[in-house]
Amino acid sequence: MKQYDYLIVGAGLFGATFAYEAKKRGKKCLVIDKRDHVGGNIYCEKIEGINVHKYGAHIFHTSNKEIWEYVNQFAEFNNYINSPVAIYKDELYNLPFNMNTFSKMWNIKTPAQAKAIIAEQIKALNITEPKNLEEQALSLVGVDVYEKLIKGYTEKQWQRNCIDLPSFIIKRLPLRFTYDNNYFNDRYQGIPIGGYNQIIEKMLDGVEVQLNKDYFELDDKDIAEKTVFTGPIDKYFDYKLGILEYRSVRFETEILDCENYQGNAVVNYTEREVPYTRIIEHKHFEFGTQAKTVISKEYSSEWTTKDEPYYPINNAKNDSLYARYKELADKTPNVIFGGRLGQYKYYDMDKVIISALDAVKAEFKD
Ligand code: FAD
Ligand code: UDP
């Protein structure tokens with residue numbers, strides 16, 4: 001008999017969901033994290049009374065009613081609707097791409113006019129089946145929107161040419177021919193009132209947690225019947241098949257002595273020459289009225305194995321390398337690989353919870 005039923009590596013949303021469900025089933029878990037806090041990338045730090053999304057803006061959105069009800073057990077959500085704006089040089093546009101964007105871009109009013117301009121702009125390109133992000137974007141929104149709002153931002157974000165990126169990245173964004181600035185199409189959306197930490201804290205209530213503990217530096221890893229690993233899958237196997245690539249992100253956070261700096265939680269800077277991708281003004285996620293404000297400039301940065309991995313780069317090369325790691329993982333007894341890093345997938349929060357609950361179902365068969 002080992003000391004624990006499960007050693008859960010990573011106190012992010014995947015690890016915490018698994019721990020919560022295992023505890024409910026009477027299992028003894030130890031959760032470790034190499035950071036000095038729980039929550040993984042959804043962790044919020046309180047500054048000037050404002051919940052600062054320390055690892056980037058996090059907006060919960062889902063179309064899955066069950067998952068919405070599941071997270072609502074742990075927090076009450078507000079009615080925040082994400083509607084970022086994009087600044088290109090001295091022009092300002094609404095996102096996602098919708099009639100407000102097109103009307104400003106071309107001084108037009110109707111969907112028919114917008115569709116006609118896009119069709120005219122892409123006529124000569126002859127794109128039948130988009131093979132990459134550039135072709136996908138052009139075929140959806142035409143040349144002007146692509147040049148002003150997509151190309152610079154995307155190349156800054158991914159440090160890769162748009163023709164070398166997969167088209168699914170841009171398909172995440174809605175495209176609408178209505179005047180609707182909601183960034184998401186999902187039925188349910190909001191920010192937990194009081195921030196995300198309470199969700200993880202409630203999930204981990206009654207579970208043993210050790211912080212500042214790196215799995216790879218444990219003297220004894222053999223303390224549990226099974227391990228749930230939510231760190232990078234390639235690192236688990238000591239990079240023996242090669243390194244999976246990520247983008248990293250760096251934040252410059254400032255407290256400003258003003259009540260309202262940019263009038264919106266998220267403002268994207270879509271021209272290449274501005275070094276950051278976006279500025280987040282955190283108080284607007286919770287309609288804050290504090291005297292001061294906190295903003296974070298978000299810079300996309302090249303990643304090395306020493307940096308924090310943020311975005312998996314799911315292109316053909318990395319996906320096929322991941323498939324080989326997955327084969328190894330499937331042959332590794334008593335280890336469950338999960339989450340954004342363990343499954344090398346560009347998962348949103350709802351999808352991470354779904355995949356953790358799937359892992360729970362497979363594990364406990366109840
Ligand atoms: P993580 O949160 O990364 O947790 C993994 C944990 O494992 C970390 O705490 C890490 O420290 C720990 N760990 C790793 N290796 C080790 C080790 N060797 N030993 C011990 N611990 C280890 N999703 C949305 O739904 N909406 C959004 O608006 C949104 N915005 C995002 C913005 C950014 C900038 C990023 C990067 C992601 C965003 N996401 C968003 C996605 C969301 O962050 C993830 O879906 C979710 O946090 C993933 O949870 P996870 O548990 O898989 O991973
Ligand atoms: N994107 C863009 N212009 C924008 C916002 C997004 O071209 O102003 C593209 C970019 O390629 C980005 C993708 O859309 O990587 C997905 O954007 P999202 O806001 O979903 O990215 P995330 O919040 O995950 O960083």
# chains A, B, ... in the order shown; residues from 1 in each chain; ligands from 1
$ closest_atom_pairs --of "chain A" --to "ligand 1" --cutoff "6 Å" --atoms "only C-alpha atoms and all ligand atoms" --output "JSON lines"
{"residue": "A:Val9", "atom": "CA", "partner": "ligand 1", "partner_atom_place_in_ligand_line": "21 (N)", "distance": 5.1}
{"residue": "A:Gly10", "atom": "CA", "partner": "ligand 1", "partner_atom_place_in_ligand_line": "7 (O)", "distance": 3.2}
{"residue": "A:Ala11", "atom": "CA", "partner": "ligand 1", "partner_atom_place_in_ligand_line": "9 (O)", "distance": 5.1}
{"residue": "A:Gly12", "atom": "CA", "partner": "ligand 1", "partner_atom_place_in_ligand_line": "51 (O)", "distance": 3.5}
{"residue": "A:Leu13", "atom": "CA", "partner": "ligand 1", "partner_atom_place_in_ligand_line": "51 (O)", "distance": 3.9}
{"residue": "A:Phe14", "atom": "CA", "partner": "ligand 1", "partner_atom_place_in_ligand_line": "51 (O)", "distance": 3.8}
{"residue": "A:Gly15", "atom": "CA", "partner": "ligand 1", "partner_atom_place_in_ligand_line": "51 (O)", "distance": 5.6}
{"residue": "A:Ile32", "atom": "CA", "partner": "ligand 1", "partner_atom_place_in_ligand_line": "20 (C)", "distance": 5.6}
{"residue": "A:Asp33", "atom": "CA", "partner": "ligand 1", "partner_atom_place_in_ligand_line": "21 (N)", "distance": 3.6}
{"residue": "A:Lys34", "atom": "CA", "partner": "ligand 1", "partner_atom_place_in_ligand_line": "20 (C)", "distance": 4.0}
{"residue": "A:Arg35", "atom": "CA", "partner": "ligand 1", "partner_atom_place_in_ligand_line": "11 (O)", "distance": 5.0}
{"residue": "A:Gly40", "atom": "CA", "partner": "ligand 1", "partner_atom_place_in_ligand_line": "9 (O)", "distance": 3.2}
{"residue": "A:Asn41", "atom": "CA", "partner": "ligand 1", "partner_atom_place_in_ligand_line": "2 (O)", "distance": 3.9}
{"residue": "A:Ile42", "atom": "CA", "partner": "ligand 1", "partner_atom_place_in_ligand_line": "47 (O)", "distance": 5.2}
{"residue": "A:Tyr55", "atom": "CA", "partner": "ligand 1", "partner_atom_place_in_ligand_line": "34 (C)", "distance": 5.8}
{"residue": "A:Gly56", "atom": "CA", "partner": "ligand 1", "partner_atom_place_in_ligand_line": "34 (C)", "distance": 4.0}
{"residue": "A:Ala57", "atom": "CA", "partner": "ligand 1", "partner_atom_place_in_ligand_line": "32 (C)", "distance": 5.2}
{"residue": "A:His58", "atom": "CA", "partner": "ligand 1", "partner_atom_place_in_ligand_line": "28 (O)", "distance": 3.5}
{"residue": "A:Ile59", "atom": "CA", "partner": "ligand 1", "partner_atom_place_in_ligand_line": "28 (O)", "distance": 3.8}
{"residue": "A:Phe60", "atom": "CA", "partner": "ligand 1", "partner_atom_place_in_ligand_line": "25 (O)", "distance": 4.9}
{"residue": "A:Lys213", "atom": "CA", "partner": "ligand 1", "partner_atom_place_in_ligand_line": "20 (C)", "distance": 5.7}
{"residue": "A:Asp214", "atom": "CA", "partner": "ligand 1", "partner_atom_place_in_ligand_line": "19 (N)", "distance": 3.6}
{"residue": "A:Tyr215", "atom": "CA", "partner": "ligand 1", "partner_atom_place_in_ligand_line": "19 (N)", "distance": 3.9}
{"residue": "A:Phe216", "atom": "CA", "partner": "ligand 1", "partner_atom_place_in_ligand_line": "18 (N)", "distance": 5.5}
{"residue": "A:Thr230", "atom": "CA", "partner": "ligand 1", "partner_atom_place_in_ligand_line": "7 (O)", "distance": 5.3}
{"residue": "A:Gly231", "atom": "CA", "partner": "ligand 1", "partner_atom_place_in_ligand_line": "15 (N)", "distance": 3.7}
{"residue": "A:Tyr310", "atom": "CA", "partner": "ligand 1", "partner_atom_place_in_ligand_line": "36 (C)", "distance": 4.4}
{"residue": "A:Tyr311", "atom": "CA", "partner": "ligand 1", "partner_atom_place_in_ligand_line": "36 (C)", "distance": 5.7}
{"residue": "A:Gly339", "atom": "CA", "partner": "ligand 1", "partner_atom_place_in_ligand_line": "52 (O)", "distance": 3.1}
{"residue": "A:Arg340", "atom": "CA", "partner": "ligand 1", "partner_atom_place_in_ligand_line": "52 (O)", "distance": 4.0}
{"residue": "A:Tyr347", "atom": "CA", "partner": "ligand 1", "partner_atom_place_in_ligand_line": "45 (O)", "distance": 4.6}
{"residue": "A:Asp348", "atom": "CA", "partner": "ligand 1", "partner_atom_place_in_ligand_line": "25 (O)", "distance": 3.6}
{"residue": "A:Met349", "atom": "CA", "partner": "ligand 1", "partner_atom_place_in_ligand_line": "25 (O)", "distance": 3.6}
{"residue": "A:Asp350", "atom": "CA", "partner": "ligand 1", "partner_atom_place_in_ligand_line": "25 (O)", "distance": 5.8}
{"residue": "A:Val352", "atom": "CA", "partner": "ligand 1", "partner_atom_place_in_ligand_line": "45 (O)", "distance": 5.5}
$ residues_near_ligand --ligand "ligand 2" --cutoff "10 Å" --atoms "only C-alpha atoms and all ligand atoms" --output "number ranges by chain"
A: 56-59, 84-88, 93-97, 133-134, 137, 145-158, 162, 165-174, 183-184, 249, 266-271, 277-278, 298, 300, 310-311, 346-348
$ closest_residue --among "A:Asn314, A:Thr253, A:Asn181, A:Gln3" --to "A:Asp164" --atoms "only C-alpha atoms"
A:Asn314
$ select_by_dssp --residues "stretch 108-355 of chain A" --states "strand (DSSP E or B)" --output "PyMOL selection string"
chain A and resi 175+188-190+192+208-210+224-229+246-256+266-269+278-281+293-302+311-312+335-337
$ closest_residue --among "A:Lys24, A:Arg250, A:His284, A:Lys326" --to "A:Ile81" --atoms "only C-alpha atoms"
A:His284
$ select_by_dssp --residues "stretch 20-206 of chain A" --states "alpha helix (DSSP H)" --output "ChimeraX atom specification"
/A:20-24,65-72,99-106,111-122,133-145,152-158,168-171,197-203
$ residues_around --residues "A:Lys54" --least-positions-apart "2" --cutoff "7 Å" --atoms "only C-alpha atoms" --output "PDB file with all heavy atoms, in the first residue's frame"
ATOM      1  N   TYR A  43      -4.836  31.726 -11.942  1.00  0.00           N
ATOM      2  CA  TYR A  43      -4.578  32.394 -10.662  1.00  0.00           C
ATOM      3  C   TYR A  43      -4.729  33.921 -10.766  1.00  0.00           C
ATOM      4  O   TYR A  43      -4.282  34.535 -11.735  1.00  0.00           O
ATOM      5  CB  TYR A  43      -3.155  32.049 -10.208  1.00  0.00           C
ATOM      6  CG  TYR A  43      -2.674  32.794  -9.004  1.00  0.00           C
ATOM      7  CD1 TYR A  43      -3.194  32.517  -7.742  1.00  0.00           C
ATOM      8  CD2 TYR A  43      -1.690  33.780  -9.120  1.00  0.00           C
ATOM      9  CE1 TYR A  43      -2.747  33.209  -6.626  1.00  0.00           C
ATOM     10  CE2 TYR A  43      -1.242  34.471  -8.009  1.00  0.00           C
ATOM     11  CZ  TYR A  43      -1.774  34.182  -6.771  1.00  0.00           C
ATOM     12  OH  TYR A  43      -1.323  34.874  -5.680  1.00  0.00           O
ATOM     13  N   CYS A  44      -5.367  34.506  -9.764  1.00  0.00           N
ATOM     14  CA  CYS A  44      -5.505  35.970  -9.701  1.00  0.00           C
ATOM     15  C   CYS A  44      -4.749  36.502  -8.487  1.00  0.00           C
ATOM     16  O   CYS A  44      -4.792  35.903  -7.411  1.00  0.00           O
ATOM     17  CB  CYS A  44      -6.966  36.380  -9.511  1.00  0.00           C
ATOM     18  SG  CYS A  44      -8.033  35.918 -10.866  1.00  0.00           S
ATOM     19  N   GLU A  45      -4.108  37.638  -8.681  1.00  0.00           N
ATOM     20  CA  GLU A  45      -3.416  38.284  -7.558  1.00  0.00           C
ATOM     21  C   GLU A  45      -4.138  39.597  -7.246  1.00  0.00           C
ATOM     22  O   GLU A  45      -4.430  40.366  -8.160  1.00  0.00           O
ATOM     23  CB  GLU A  45      -1.973  38.580  -7.969  1.00  0.00           C
ATOM     24  CG  GLU A  45      -1.135  39.137  -6.852  1.00  0.00           C
ATOM     25  CD  GLU A  45       0.294  39.432  -7.305  1.00  0.00           C
ATOM     26  OE1 GLU A  45       0.604  39.232  -8.498  1.00  0.00           O
ATOM     27  OE2 GLU A  45       1.077  39.889  -6.481  1.00  0.00           O
ATOM     28  N   VAL A  52      -6.174  40.740 -10.310  1.00  0.00           N
ATOM     29  CA  VAL A  52      -5.320  40.836 -11.492  1.00  0.00           C
ATOM     30  C   VAL A  52      -5.096  39.429 -12.049  1.00  0.00           C
ATOM     31  O   VAL A  52      -4.632  38.539 -11.336  1.00  0.00           O
ATOM     32  CB  VAL A  52      -3.979  41.514 -11.119  1.00  0.00           C
ATOM     33  CG1 VAL A  52      -2.983  41.438 -12.260  1.00  0.00           C
ATOM     34  CG2 VAL A  52      -4.233  42.960 -10.720  1.00  0.00           C
ATOM     35  N   GLY A  56      -2.591  36.290 -17.673  1.00  0.00           N
ATOM     36  CA  GLY A  56      -3.352  36.670 -18.868  1.00  0.00           C
ATOM     37  C   GLY A  56      -4.845  36.660 -18.618  1.00  0.00           C
ATOM     38  O   GLY A  56      -5.337  35.963 -17.723  1.00  0.00           O
TER      39      GLY A  56
END
$ closest_residue --among "A:Ala359, A:Ile336, A:Ala16, A:Ile163" --to "A:Val228" --atoms "only C-alpha atoms"
A:Ile336
$ residues_around --residues "A:Lys235" --least-positions-apart "4" --cutoff "10 Å" --atoms "only C-alpha atoms" --output "list in words"
Phe216, Gly231, Tyr239, Lys240, Gly242, Ile243, Leu244, Thr305, Leu341 and Gly342 of chain A
$ write_last_selection --atoms "C-alpha atoms" --output "PDB file, in the first residue's frame"
ATOM      1  CA  PHE A 216      11.255  16.333 -11.258  1.00  0.00           C
ATOM      2  CA  GLY A 231       3.056  19.331 -16.695  1.00  0.00           C
ATOM      3  CA  TYR A 239      12.509  15.203 -24.217  1.00  0.00           C
ATOM      4  CA  LYS A 240      13.741  11.920 -25.604  1.00  0.00           C
ATOM      5  CA  GLY A 242      12.422  15.941 -29.230  1.00  0.00           C
ATOM      6  CA  ILE A 243      11.026  19.196 -27.870  1.00  0.00           C
ATOM      7  CA  LEU A 244       7.423  20.313 -28.315  1.00  0.00           C
ATOM      8  CA  THR A 305      12.596  24.870 -22.005  1.00  0.00           C
ATOM      9  CA  LEU A 341       0.583  20.772 -21.173  1.00  0.00           C
ATOM     10  CA  GLY A 342      -0.022  17.077 -20.518  1.00  0.00           C
TER      11      GLY A 342
END
$ closest_residue --among "A:Ile108, A:Ala356, A:Ile47, A:Ile67" --to "A:Phe229" --atoms "only C-alpha atoms"
A:Ala356
$ atom_distance --atom1 "atom CA of A:Val207" --atom2 "atom CA of A:Leu30"
6.8 Å
$ atom_distance --atom1 "atom CA of A:Lys115" --atom2 "atom CA of A:Lys89"
24.9 Å
$ closest_residue --among "A:Asn72, A:Asn98, A:Thr178, A:Asn260" --to "A:Ile295" --atoms "only C-alpha atoms"
A:Asn260
$ residues_around --residues "A:Ala224" --least-positions-apart "6" --cutoff "8 Å" --atoms "only C-alpha atoms" --output "list in words"
Lys2, Gln3, Tyr4, Asp5, Tyr6 and Leu7 of chain A
$ residues_around --residues "A:Ala19" --least-positions-apart "3" --cutoff "8 Å" --atoms "only C-alpha atoms" --output "VMD selection string"
chain A and resid 8 15 to 16 22 to 23 29 31 203 to 204 207
$ write_last_selection --atoms "N, CA and C atoms" --output "tab-separated table (two decimals), in the first residue's frame"
chain	number	residue	atom	x	y	z
A	8	ILE	N	-1.00	14.13	-7.69
A	8	ILE	CA	-1.46	15.00	-8.77
A	8	ILE	C	-0.44	16.12	-8.96
A	15	GLY	N	-5.78	19.54	-12.67
A	15	GLY	CA	-5.37	18.83	-11.44
A	15	GLY	C	-6.40	19.02	-10.33
A	16	ALA	N	-6.90	20.26	-10.19
A	16	ALA	CA	-7.84	20.55	-9.10
A	16	ALA	C	-9.17	19.83	-9.33
A	22	ALA	N	-11.79	12.95	-7.10
A	22	ALA	CA	-11.19	11.78	-6.44
A	22	ALA	C	-11.49	11.81	-4.94
A	23	LYS	N	-11.37	13.01	-4.37
A	23	LYS	CA	-11.66	13.16	-2.93
A	23	LYS	C	-13.12	12.78	-2.64
A	29	CYS	N	-5.43	12.02	-1.95
A	29	CYS	CA	-4.61	12.65	-2.99
A	29	CYS	C	-3.57	13.58	-2.39
A	31	VAL	N	-1.58	16.86	-3.95
A	31	VAL	CA	-1.41	17.75	-5.11
A	31	VAL	C	-0.11	18.53	-4.90
A	203	MET	N	-12.25	23.56	-4.70
A	203	MET	CA	-11.99	22.22	-5.24
A	203	MET	C	-10.96	21.48	-4.39
A	204	LEU	N	-9.99	22.23	-3.89
A	204	LEU	CA	-8.90	21.57	-3.16
A	204	LEU	C	-9.13	21.55	-1.65
A	207	VAL	N	-7.91	18.64	0.60
A	207	VAL	CA	-6.90	17.85	-0.12
A	207	VAL	C	-5.52	18.36	0.29
$ atom_distance --atom1 "atom CA of A:Phe364" --atom2 "atom CA of A:Phe77"
29.8 Å
